[in-house]
Every structure is written in C-alpha cells, then in structure tokens.
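S.K.: The file below is protein-v7.csv, CSV, N, CA and C atoms:
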```
chain,number,residue,atom,x,y,z
S,1,MET,N,93.5,105.9,119.3
S,1,MET,CA,93.4,105.0,118.1
S,1,MET,C,94.6,104.1,118.0
S,2,SER,N,94.3,102.8,117.8
S,2,SER,CA,95.4,101.9,117.6
S,2,SER,C,95.4,101.5,116.2
S,3,CYS,N,96.5,101.8,115.5
S,3,CYS,CA,96.7,101.5,114.1
S,3,CYS,C,98.0,100.7,113.9
S,4,GLU,N,97.9,99.5,113.3
S,4,GLU,CA,99.0,98.7,113.1
S,4,GLU,C,100.1,99.3,112.1
S,5,LEU,N,99.7,100.2,111.3
S,5,LEU,CA,100.6,100.8,110.3
S,5,LEU,C,101.2,102.1,110.8
S,6,CYS,N,100.8,102.6,112.0
S,6,CYS,CA,101.4,103.8,112.5
S,6,CYS,C,102.8,103.6,113.1
S,7,ARG,N,103.0,102.3,113.3
S,7,ARG,CA,104.4,101.9,113.7
S,7,ARG,C,105.0,101.1,112.6
S,8,GLN,N,106.2,100.8,112.6
S,8,GLN,CA,106.8,100.1,111.5
S,8,GLN,C,106.1,98.8,111.3
S,9,PRO,N,105.5,98.6,110.1
S,9,PRO,CA,104.8,97.3,109.9
S,9,PRO,C,105.7,96.1,109.8
S,10,ALA,N,105.2,94.9,109.9
S,10,ALA,CA,105.9,93.7,109.8
S,10,ALA,C,106.5,93.5,108.4
S,11,GLY,N,107.6,92.8,108.3
S,11,GLY,CA,108.2,92.5,107.0
S,11,GLY,C,109.7,93.0,107.0
S,12,ASP,N,110.3,92.7,105.9
S,12,ASP,CA,111.7,93.1,105.7
S,12,ASP,C,111.7,94.6,105.3
S,13,LEU,N,112.4,95.4,106.0
S,13,LEU,CA,112.5,96.8,105.7
S,13,LEU,C,113.5,96.9,104.5
S,14,LEU,N,113.0,97.5,103.4
S,14,LEU,CA,113.8,97.7,102.2
S,14,LEU,C,114.3,99.1,102.1
S,15,TYR,N,113.5,100.0,102.6
S,15,TYR,CA,113.9,101.4,102.5
S,15,TYR,C,113.0,102.2,103.5
S,16,GLN,N,113.6,103.3,104.1
S,16,GLN,CA,112.7,104.2,104.8
S,16,GLN,C,113.4,105.6,104.8
S,17,ASN,N,112.5,106.6,104.9
S,17,ASN,CA,112.9,107.9,105.1
S,17,ASN,C,112.0,108.5,106.2
S,18,ASP,N,112.0,109.8,106.4
S,18,ASP,CA,111.2,110.4,107.4
S,18,ASP,C,109.7,110.3,107.1
S,19,GLU,N,109.3,110.0,105.9
S,19,GLU,CA,107.9,110.0,105.5
S,19,GLU,C,107.3,108.6,105.3
S,20,LEU,N,108.1,107.6,104.9
S,20,LEU,CA,107.5,106.3,104.5
S,20,LEU,C,108.5,105.2,104.7
S,21,TRP,N,107.9,104.0,104.6
S,21,TRP,CA,108.6,102.7,104.6
S,21,TRP,C,108.3,102.0,103.3
S,22,VAL,N,109.3,101.2,102.8
S,22,VAL,CA,109.0,100.2,101.8
S,22,VAL,C,109.4,98.9,102.4
S,23,MET,N,108.4,98.0,102.5
S,23,MET,CA,108.5,96.7,103.1
S,23,MET,C,108.3,95.6,102.2
S,24,LEU,N,109.1,94.6,102.3
S,24,LEU,CA,108.8,93.3,101.6
S,24,LEU,C,108.0,92.5,102.6
S,25,VAL,N,106.8,92.1,102.3
S,25,VAL,CA,105.9,91.4,103.2
S,25,VAL,C,106.0,89.9,103.0
S,26,ASP,N,105.7,89.2,104.0
S,26,ASP,CA,105.6,87.7,103.9
S,26,ASP,C,104.2,87.3,103.4
S,27,GLU,N,104.0,87.2,102.2
S,27,GLU,CA,102.7,86.8,101.6
S,27,GLU,C,102.9,85.5,100.9
S,28,PRO,N,102.5,84.4,101.5
S,28,PRO,CA,102.7,83.1,100.9
S,28,PRO,C,102.2,83.0,99.5
S,29,GLY,N,103.0,82.5,98.6
S,29,GLY,CA,102.6,82.4,97.2
S,29,GLY,C,102.9,83.6,96.4
S,30,TYR,N,103.3,84.7,97.0
S,30,TYR,CA,103.5,86.0,96.3
S,30,TYR,C,104.9,86.6,96.7
S,31,PRO,N,106.0,85.9,96.4
S,31,PRO,CA,107.3,86.5,96.7
S,31,PRO,C,107.4,87.9,96.0
S,32,GLY,N,108.0,88.8,96.7
S,32,GLY,CA,108.2,90.1,96.1
S,32,GLY,C,107.1,91.1,96.4
S,33,PHE,N,106.1,90.7,97.1
S,33,PHE,CA,105.0,91.5,97.4
S,33,PHE,C,105.5,92.6,98.4
S,34,CYS,N,105.4,93.8,98.0
S,34,CYS,CA,105.9,95.0,98.8
S,34,CYS,C,104.7,95.9,99.2
S,35,ARG,N,104.9,96.6,100.3
S,35,ARG,CA,104.0,97.7,100.7
S,35,ARG,C,104.8,98.9,100.8
S,36,VAL,N,104.3,100.0,100.3
S,36,VAL,CA,104.8,101.4,100.5
S,36,VAL,C,103.9,102.0,101.5
S,37,VAL,N,104.3,102.3,102.7
S,37,VAL,CA,103.5,102.8,103.8
S,37,VAL,C,103.9,104.2,104.2
S,38,TRP,N,102.9,105.1,104.1
S,38,TRP,CA,103.1,106.5,104.6
S,38,TRP,C,103.1,106.4,106.1
S,39,LYS,N,104.2,107.0,106.7
S,39,LYS,CA,104.3,106.9,108.2
S,39,LYS,C,103.2,107.6,108.9
S,40,ALA,N,102.9,108.9,108.6
S,40,ALA,CA,101.9,109.6,109.3
S,40,ALA,C,100.6,109.1,109.0
S,41,HIS,N,99.7,109.0,110.0
S,41,HIS,CA,98.4,108.4,109.8
S,41,HIS,C,97.6,109.3,108.9
S,42,ALA,N,97.2,108.8,107.8
S,42,ALA,CA,96.3,109.4,106.8
S,42,ALA,C,95.5,108.3,106.2
S,43,LYS,N,94.3,108.6,105.8
S,43,LYS,CA,93.4,107.6,105.3
S,43,LYS,C,93.4,107.6,103.7
S,44,GLU,N,93.4,108.7,103.1
S,44,GLU,CA,93.3,108.8,101.7
S,44,GLU,C,94.4,109.6,101.1
S,45,MET,N,94.7,109.4,99.8
S,45,MET,CA,95.7,110.2,99.1
S,45,MET,C,95.4,111.7,99.2
S,46,THR,N,94.2,112.1,99.2
S,46,THR,CA,93.9,113.5,99.2
S,46,THR,C,94.0,114.1,100.6
S,47,ASP,N,94.4,113.3,101.6
S,47,ASP,CA,94.7,113.8,102.9
S,47,ASP,C,96.2,114.3,102.9
S,48,LEU,N,96.9,114.0,101.9
S,48,LEU,CA,98.3,114.5,101.8
S,48,LEU,C,98.3,115.7,100.9
S,49,ALA,N,99.4,116.5,101.2
S,49,ALA,CA,99.6,117.7,100.3
S,49,ALA,C,100.1,117.2,98.9
S,50,ALA,N,99.9,118.0,97.9
S,50,ALA,CA,100.3,117.6,96.6
S,50,ALA,C,101.7,117.1,96.5
S,51,ASP,N,102.7,117.8,97.1
S,51,ASP,CA,104.1,117.4,97.0
S,51,ASP,C,104.3,116.0,97.8
S,52,GLU,N,103.6,115.8,98.9
S,52,GLU,CA,103.7,114.5,99.6
S,52,GLU,C,103.1,113.4,98.7
S,53,ARG,N,102.0,113.6,98.0
S,53,ARG,CA,101.5,112.6,97.1
S,53,ARG,C,102.5,112.2,96.0
S,54,LEU,N,103.2,113.2,95.5
S,54,LEU,CA,104.2,112.9,94.5
S,54,LEU,C,105.4,112.1,95.0
S,55,ARG,N,105.8,112.5,96.2
S,55,ARG,CA,106.9,111.7,96.8
S,55,ARG,C,106.5,110.3,97.2
S,56,LEU,N,105.3,110.1,97.7
S,56,LEU,CA,104.8,108.7,97.9
S,56,LEU,C,104.7,107.9,96.6
S,57,MET,N,104.1,108.5,95.6
S,57,MET,CA,104.0,107.8,94.4
S,57,MET,C,105.3,107.5,93.7
S,58,ASP,N,106.3,108.4,93.9
S,58,ASP,CA,107.6,108.1,93.4
S,58,ASP,C,108.2,106.8,94.0
S,59,TRP,N,107.9,106.6,95.3
S,59,TRP,CA,108.4,105.4,95.9
S,59,TRP,C,107.6,104.1,95.5
S,60,VAL,N,106.3,104.3,95.2
S,60,VAL,CA,105.5,103.2,94.6
S,60,VAL,C,106.1,102.8,93.3
S,61,TRP,N,106.4,103.8,92.5
S,61,TRP,CA,107.0,103.5,91.1
S,61,TRP,C,108.4,102.9,91.3
S,62,ARG,N,109.2,103.4,92.2
S,62,ARG,CA,110.5,102.8,92.5
S,62,ARG,C,110.4,101.4,92.9
S,63,ALA,N,109.5,101.1,93.8
S,63,ALA,CA,109.3,99.7,94.2
S,63,ALA,C,108.9,98.8,93.0
S,64,GLU,N,108.0,99.3,92.2
S,64,GLU,CA,107.6,98.6,90.9
S,64,GLU,C,108.8,98.3,90.1
S,65,ALA,N,109.6,99.4,89.8
S,65,ALA,CA,110.8,99.2,89.0
S,65,ALA,C,111.8,98.2,89.6
S,66,ALA,N,112.0,98.3,90.9
S,66,ALA,CA,112.9,97.3,91.5
S,66,ALA,C,112.4,95.9,91.4
S,67,ILE,N,111.2,95.7,91.6
S,67,ILE,CA,110.6,94.3,91.4
S,67,ILE,C,110.7,93.8,90.0
S,68,ARG,N,110.4,94.7,89.0
S,68,ARG,CA,110.5,94.3,87.6
S,68,ARG,C,111.9,93.9,87.3
S,69,GLN,N,112.9,94.8,87.7
S,69,GLN,CA,114.3,94.5,87.4
S,69,GLN,C,114.7,93.2,88.0
S,70,THR,N,114.3,93.0,89.3
S,70,THR,CA,114.8,91.8,90.0
S,70,THR,C,114.1,90.5,89.7
S,71,MET,N,112.8,90.6,89.5
S,71,MET,CA,112.0,89.4,89.4
S,71,MET,C,111.5,89.1,88.0
S,72,GLN,N,111.4,90.1,87.1
S,72,GLN,CA,110.8,90.0,85.8
S,72,GLN,C,109.5,89.3,85.7
S,73,PRO,N,108.5,89.8,86.5
S,73,PRO,CA,107.2,89.2,86.5
S,73,PRO,C,106.4,89.5,85.2
S,74,ALA,N,105.3,88.8,85.0
S,74,ALA,CA,104.5,89.0,83.8
S,74,ALA,C,103.8,90.4,83.9
S,75,LYS,N,103.5,90.8,85.1
S,75,LYS,CA,102.7,92.0,85.4
S,75,LYS,C,102.9,92.4,86.8
S,76,ILE,N,102.7,93.7,87.1
S,76,ILE,CA,102.7,94.3,88.4
S,76,ILE,C,101.3,94.8,88.7
S,77,ASN,N,100.8,94.5,89.9
S,77,ASN,CA,99.5,95.0,90.3
S,77,ASN,C,99.8,96.1,91.4
S,78,LEU,N,99.2,97.2,91.3
S,78,LEU,CA,99.3,98.3,92.3
S,78,LEU,C,97.9,98.4,92.9
S,79,ALA,N,97.8,98.5,94.2
S,79,ALA,CA,96.5,98.7,94.8
S,79,ALA,C,96.7,99.5,96.1
S,80,SER,N,95.7,100.4,96.3
S,80,SER,CA,95.6,101.1,97.6
S,80,SER,C,94.2,101.0,98.0
S,81,LEU,N,94.0,100.1,99.0
S,81,LEU,CA,92.6,99.7,99.4
S,81,LEU,C,92.3,100.4,100.8
S,82,GLY,N,93.0,99.9,101.8
S,82,GLY,CA,92.8,100.5,103.1
S,82,GLY,C,91.4,100.2,103.7
S,83,ASN,N,90.7,99.3,103.2
S,83,ASN,CA,89.4,99.0,103.8
S,83,ASN,C,89.5,98.3,105.2
S,84,VAL,N,90.4,97.5,105.4
S,84,VAL,CA,90.6,96.8,106.7
S,84,VAL,C,91.5,97.6,107.6
S,85,VAL,N,92.6,98.2,107.0
S,85,VAL,CA,93.5,99.1,107.8
S,85,VAL,C,93.4,100.5,107.1
S,86,PRO,N,92.6,101.4,107.7
S,86,PRO,CA,92.5,102.7,107.0
S,86,PRO,C,93.7,103.6,107.3
S,87,HIS,N,94.8,103.2,106.8
S,87,HIS,CA,96.1,103.9,106.9
S,87,HIS,C,96.7,103.8,105.5
S,88,LEU,N,97.1,105.0,105.0
S,88,LEU,CA,97.5,105.0,103.6
S,88,LEU,C,98.7,104.2,103.3
S,89,HIS,N,98.5,103.2,102.4
S,89,HIS,CA,99.6,102.3,102.0
S,89,HIS,C,99.3,101.8,100.6
S,90,TRP,N,100.3,101.4,99.9
S,90,TRP,CA,100.2,100.9,98.5
S,90,TRP,C,100.7,99.5,98.5
S,91,HIS,N,100.0,98.6,97.8
S,91,HIS,CA,100.5,97.2,97.6
S,91,HIS,C,101.2,97.2,96.2
S,92,VAL,N,102.4,96.7,96.1
S,92,VAL,CA,103.1,96.5,94.8
S,92,VAL,C,103.3,95.0,94.7
S,93,ILE,N,102.6,94.4,93.8
S,93,ILE,CA,102.5,92.9,93.8
S,93,ILE,C,103.0,92.4,92.4
S,94,PRO,N,104.1,91.6,92.4
S,94,PRO,CA,104.5,91.0,91.2
S,94,PRO,C,103.6,89.8,90.9
S,95,ARG,N,103.2,89.7,89.6
S,95,ARG,CA,102.3,88.6,89.2
S,95,ARG,C,103.0,87.8,88.1
S,96,PHE,N,102.7,86.5,88.2
S,96,PHE,CA,103.2,85.6,87.2
S,96,PHE,C,102.1,84.8,86.6
S,97,ASP,N,102.2,84.4,85.3
S,97,ASP,CA,101.2,83.7,84.6
S,97,ASP,C,100.7,82.5,85.3
S,98,ASP,N,101.5,81.8,86.1
S,98,ASP,CA,101.1,80.6,86.7
S,98,ASP,C,100.9,80.8,88.2
S,99,ASP,N,100.8,82.0,88.7
S,99,ASP,CA,100.5,82.1,90.2
S,99,ASP,C,99.0,81.7,90.4
S,100,ALA,N,98.7,81.5,91.6
S,100,ALA,CA,97.4,80.8,92.0
S,100,ALA,C,96.2,81.6,91.5
S,101,HIS,N,96.3,82.9,91.3
S,101,HIS,CA,95.1,83.7,91.0
S,101,HIS,C,95.1,84.3,89.6
S,102,PHE,N,96.3,84.3,88.9
S,102,PHE,CA,96.4,85.0,87.7
S,102,PHE,C,95.4,84.6,86.6
S,103,PRO,N,94.7,85.4,85.9
S,103,PRO,CA,94.9,86.9,85.9
S,103,PRO,C,94.0,87.6,86.8
S,104,SER,N,93.3,87.0,87.7
S,104,SER,CA,92.4,87.6,88.7
S,104,SER,C,93.3,88.3,89.8
S,105,PRO,N,92.7,89.2,90.6
S,105,PRO,CA,93.4,89.8,91.7
S,105,PRO,C,93.8,88.7,92.7
S,106,ILE,N,94.8,89.0,93.5
S,106,ILE,CA,95.3,87.9,94.4
S,106,ILE,C,94.3,87.7,95.5
S,107,TRP,N,93.3,88.6,95.7
S,107,TRP,CA,92.3,88.4,96.7
S,107,TRP,C,91.1,87.7,96.2
S,108,ALA,N,91.1,87.3,95.0
S,108,ALA,CA,90.0,86.5,94.4
S,108,ALA,C,90.2,85.0,94.8
S,109,ALA,N,89.2,84.2,94.4
S,109,ALA,CA,89.3,82.8,94.6
S,109,ALA,C,90.5,82.2,93.7
S,110,PRO,N,91.3,81.3,94.2
S,110,PRO,CA,92.4,80.8,93.4
S,110,PRO,C,91.9,80.0,92.2
S,111,ARG,N,92.7,80.1,91.2
S,111,ARG,CA,92.3,79.3,89.9
S,111,ARG,C,93.1,78.0,89.8
S,112,ARG,N,94.2,77.9,90.5
S,112,ARG,CA,95.1,76.8,90.3
S,112,ARG,C,96.0,76.7,91.5
S,113,GLU,N,96.7,75.6,91.6
S,113,GLU,CA,97.8,75.5,92.6
S,113,GLU,C,99.1,76.1,92.0
S,114,ALA,N,99.7,77.0,92.6
S,114,ALA,CA,100.9,77.7,92.1
S,114,ALA,C,102.2,76.9,92.4
S,115,PRO,N,103.1,76.9,91.5
S,115,PRO,CA,104.4,76.3,91.8
S,115,PRO,C,105.1,77.1,92.8
S,116,ALA,N,106.0,76.4,93.6
S,116,ALA,CA,106.8,77.1,94.6
S,116,ALA,C,107.8,77.9,93.9
S,117,ARG,N,108.1,79.0,94.4
S,117,ARG,CA,109.2,79.9,93.8
S,117,ARG,C,110.2,80.2,94.9
S,118,ALA,N,111.4,80.1,94.6
S,118,ALA,CA,112.5,80.5,95.5
S,118,ALA,C,113.2,81.7,94.9
S,119,TRP,N,113.4,82.7,95.7
S,119,TRP,CA,114.1,83.9,95.3
S,119,TRP,C,115.2,84.1,96.3
S,120,PRO,N,116.3,83.5,96.2
S,120,PRO,CA,117.4,83.6,97.2
S,120,PRO,C,117.8,85.1,97.3
S,121,ASP,N,117.9,85.5,98.5
S,121,ASP,CA,118.4,86.9,98.8
S,121,ASP,C,117.5,88.0,98.2
S,122,LEU,N,116.2,87.7,98.1
S,122,LEU,CA,115.3,88.6,97.5
S,122,LEU,C,115.3,90.0,98.1
S,123,ALA,N,115.2,90.1,99.5
S,123,ALA,CA,115.2,91.4,100.1
S,123,ALA,C,116.5,92.2,99.8
S,124,ASP,N,117.6,91.5,99.9
S,124,ASP,CA,118.9,92.2,99.5
S,124,ASP,C,118.9,92.7,98.1
S,125,ARG,N,118.4,91.9,97.2
S,125,ARG,CA,118.4,92.2,95.8
S,125,ARG,C,117.4,93.4,95.5
S,126,LEU,N,116.3,93.4,96.2
S,126,LEU,CA,115.4,94.5,96.0
S,126,LEU,C,115.9,95.8,96.7
S,127,ARG,N,116.6,95.7,97.8
S,127,ARG,CA,117.2,96.9,98.4
S,127,ARG,C,118.3,97.5,97.5
S,128,GLN,N,119.1,96.7,96.9
S,128,GLN,CA,120.1,97.2,95.9
S,128,GLN,C,119.4,97.8,94.7
S,129,ALA,N,118.3,97.2,94.2
S,129,ALA,CA,117.6,97.8,93.1
S,129,ALA,C,117.0,99.2,93.4
S,130,LEU,N,116.5,99.3,94.7
S,130,LEU,CA,115.9,100.5,95.1
S,130,LEU,C,116.9,101.6,95.3
S,131,GLN,N,118.1,101.2,95.8
S,131,GLN,CA,119.2,102.2,95.9
S,131,GLN,C,119.7,102.7,94.6
S,132,ALA,N,119.7,101.8,93.6
S,132,ALA,CA,120.3,102.1,92.3
S,132,ALA,C,119.3,103.0,91.5
S,133,GLY,N,118.0,102.8,91.8
S,133,GLY,CA,116.9,103.5,91.1
S,133,GLY,C,116.7,104.9,91.6
```
Would you mind writing the structure in this file as structure tokens?

M.R.:
Amino acid sequence: MSCELCRQPAGDLLYQNDELWVMLVDEPGYPGFCRVVWKAHAKEMTDLAADERLRLMDWVWRAEAAIRQTMQPAKINLASLGNVVPHLHWHVIPRFDDDAHFPSPIWAAPRREAPARAWPDLADRLRQALQAG
C-alpha cells in the first residue's frame, strides 16, 4: 500500500514525536492551516487505543491553542475526514470573517475574494507557541 501520510507529509514541521507530526501546510488563502498526523497507518480514531486517542487529541488541542494565540482568528475549524487519504489526521484551520469561504467550510464554494494576509515568521511563531503550551 502506498500512503502519502505514512511518511513525513509536506509542509513545515512544527513538532514531532514518536507518534505524530504537527505540520503547517501550504494552503493558499488559509495561512496557519495545520495538520496533526498520526504516524502509524490507521484509518479511524477507534483504530487507536484509548490512551493513543487522548495523546493525539491533546496535540490537536495544542495546535488549536497555538494558532489562536499566534493569529487570533475569528474561529478554528477542526476536521478529520480522510475520505481522499484514509490515514488518520486532523485539520486545524484558522478562520477569519473575511476569508473566501467564511462562514462555510473551506471546501465549499467561495463566497468572496479574500484579502491577502501576511504572517511573517508564522512557522517559527507557531513552533514557539507549541513549545510553550
């Protein structure tokens, strides 16, 4: 089986341990979009042991807290879909009132053209927030 998430996924590595990666992904129009990826191939949350699920979710919540502290978005969206890539991972997505899709999911049809956002040193700032949290 060839799974693109069984090896380190693309993006800026913000954190890793033996079990997971936290990645800042390049998603145009959505700076701060992170993925928390479980390293071992698993399809569903219930494929993990209870203590593994807790550790995974702890890092989803840490990523959310780091994004909120660093970027102060209007909302955070959390999603675990895996329909295209059936490897357990969570999307942690900062949302702003004027982003192209708000208040709809980012995978919906855009509602407007979004303003450009610059977040200098965003990966470094998120790394620091994750370490502090």

S.K.: To one decimal place, how far is atom CA of Leu122 of chain S from atom CA of Thr70 of chain S in Å?

M.R.: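 Atom CA of Thr70 of chain S lies at a distance of 8.2 Å from atom CA of Leu122 of chain S.
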
S.K.: Between atom N of Leu54 of chain S and atom N of Val92 of chain S, what is the distance in Å, rounded to a tenth?

M.R.: 16.5 Å

S.K.: One number please: atom CA of Ala132 of chain S to atom CA of Asn17 of chain S, in Å, one decimal.

M.R.: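 Spanning atom CA of Ala132 of chain S to atom CA of Asn17 of chain S is a straight-line distance of 15.9 Å.
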
S.K.: Running DSSP on the backbone, which parts of segment 4-131 of chain S land in strand (DSSP E or B), as a PyMOL selection string?

M.R.: chain S and resi 12-16+20-24+34-38+75-79+89-95

S.K.: Rank nothing, just name the residue among S:Asp99, S:Glu44, S:Asp18, S:Asp51 nearest to Ala114 of chain S, using only N, CA and C atoms.

M.R.: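 Looking at the shortest contact to Ala114 of chain S, the residue is S:Asp99.
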
S.K.: What lies within 8 Å of Leu5 of chain S using all atoms listed in the file, ignoring chain neighbours under 5 positions off, as a PyMOL selection string?

M.R.: chain S and resi 10+37-41+85-88

S.K.: Please write the residues from the selection above to a file, keeping N, CA and C atoms, as a compact mmCIF listing (two decimals), in the frame of the given file.

M.R.:
```txt
# COMPACT_ATOMS: atom_id res chain seq x y z
N ALA S 10 105.20 94.90 109.90
CA ALA S 10 105.90 93.70 109.80
C ALA S 10 106.50 93.50 108.40
N VAL S 37 104.30 102.30 102.70
CA VAL S 37 103.50 102.80 103.80
C VAL S 37 103.90 104.20 104.20
N TRP S 38 102.90 105.10 104.10
CA TRP S 38 103.10 106.50 104.60
C TRP S 38 103.10 106.40 106.10
N LYS S 39 104.20 107.00 106.70
CA LYS S 39 104.30 106.90 108.20
C LYS S 39 103.20 107.60 108.90
N ALA S 40 102.90 108.90 108.60
CA ALA S 40 101.90 109.60 109.30
C ALA S 40 100.60 109.10 109.00
N HIS S 41 99.70 109.00 110.00
CA HIS S 41 98.40 108.40 109.80
C HIS S 41 97.60 109.30 108.90
N VAL S 85 92.60 98.20 107.00
CA VAL S 85 93.50 99.10 107.80
C VAL S 85 93.40 100.50 107.10
N PRO S 86 92.60 101.40 107.70
CA PRO S 86 92.50 102.70 107.00
C PRO S 86 93.70 103.60 107.30
N HIS S 87 94.80 103.20 106.80
CA HIS S 87 96.10 103.90 106.90
C HIS S 87 96.70 103.80 105.50
N LEU S 88 97.10 105.00 105.00
CA LEU S 88 97.50 105.00 103.60
C LEU S 88 98.70 104.20 103.30
```

S.K.: Which protein, DNA or RNA residues have an atom at most 8 Å from (95.8, 104.1, 97.3), counting all atoms listed in the file? List them as a list in words.

M.R.: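 Neighbouring residues, ordered by chain and number, come to Lys43, Glu44, Met45, Leu78, Ala79, Ser80, Leu81, Gly82, Leu88, His89, Trp90 and His91 of chain S.
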
S.K.: Hey, which of S:Phe96, S:Pro120, S:Glu27, S:Arg127 ends up closest to Pro73 of chain S? Count only C-alpha atoms.

M.R.: S:Phe96

S.K.: Please determine, counting only N, CA and C atoms, which residue among S:Arg35, S:Gln8, S:Arg125, S:Ala42 has the shortest atom-to-atom distance to Val60 of chain S.

M.R.: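 Closest to Val60 of chain S, using only N, CA and C atoms: S:Arg35.
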
S.K.: Counting all atoms listed in the file, what is within 7 Å of Asp26 of chain S, bar same-chain residues fewer than 2 positions away, as a list of chain:residue names?

M.R.: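 Surrounding residues, per the criterion: S:Ala10, S:Gly11, S:Asp12, S:Leu24, S:Pro28, S:Gly29, S:Tyr30, S:Phe33.
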
S.K.: Taking the DSSP assignment computed from this structure's backbone, write out as a count of residues only all residues of chain S that belong to helix (DSSP H, G or I).

M.R.: 36

S.K.: In terms of the shortest atom-to-atom distance over only C-alpha atoms, which of S:Gln72, S:Arg55, S:Pro31, S:Ala50 is closest to Ala116 of chain S?

M.R.: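 For Ala116 of chain S, the nearest of the candidates is S:Pro31.
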
S.K.: Tell me which of S:Ala118, S:Ile67, S:Leu13, S:Ala123 sits closest to Pro94 of chain S, counting only N, CA and C atoms.

M.R.: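 Once distances to Pro94 of chain S are computed over only N, CA and C atoms, the minimum belongs to S:Ile67.
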
S.K.: I need the residue nearest Ala63 of chain S from this list: S:Ala109, S:Val84, S:Leu126, S:Ala100. Use only C-alpha atoms for the distance.

M.R.: S:Leu126
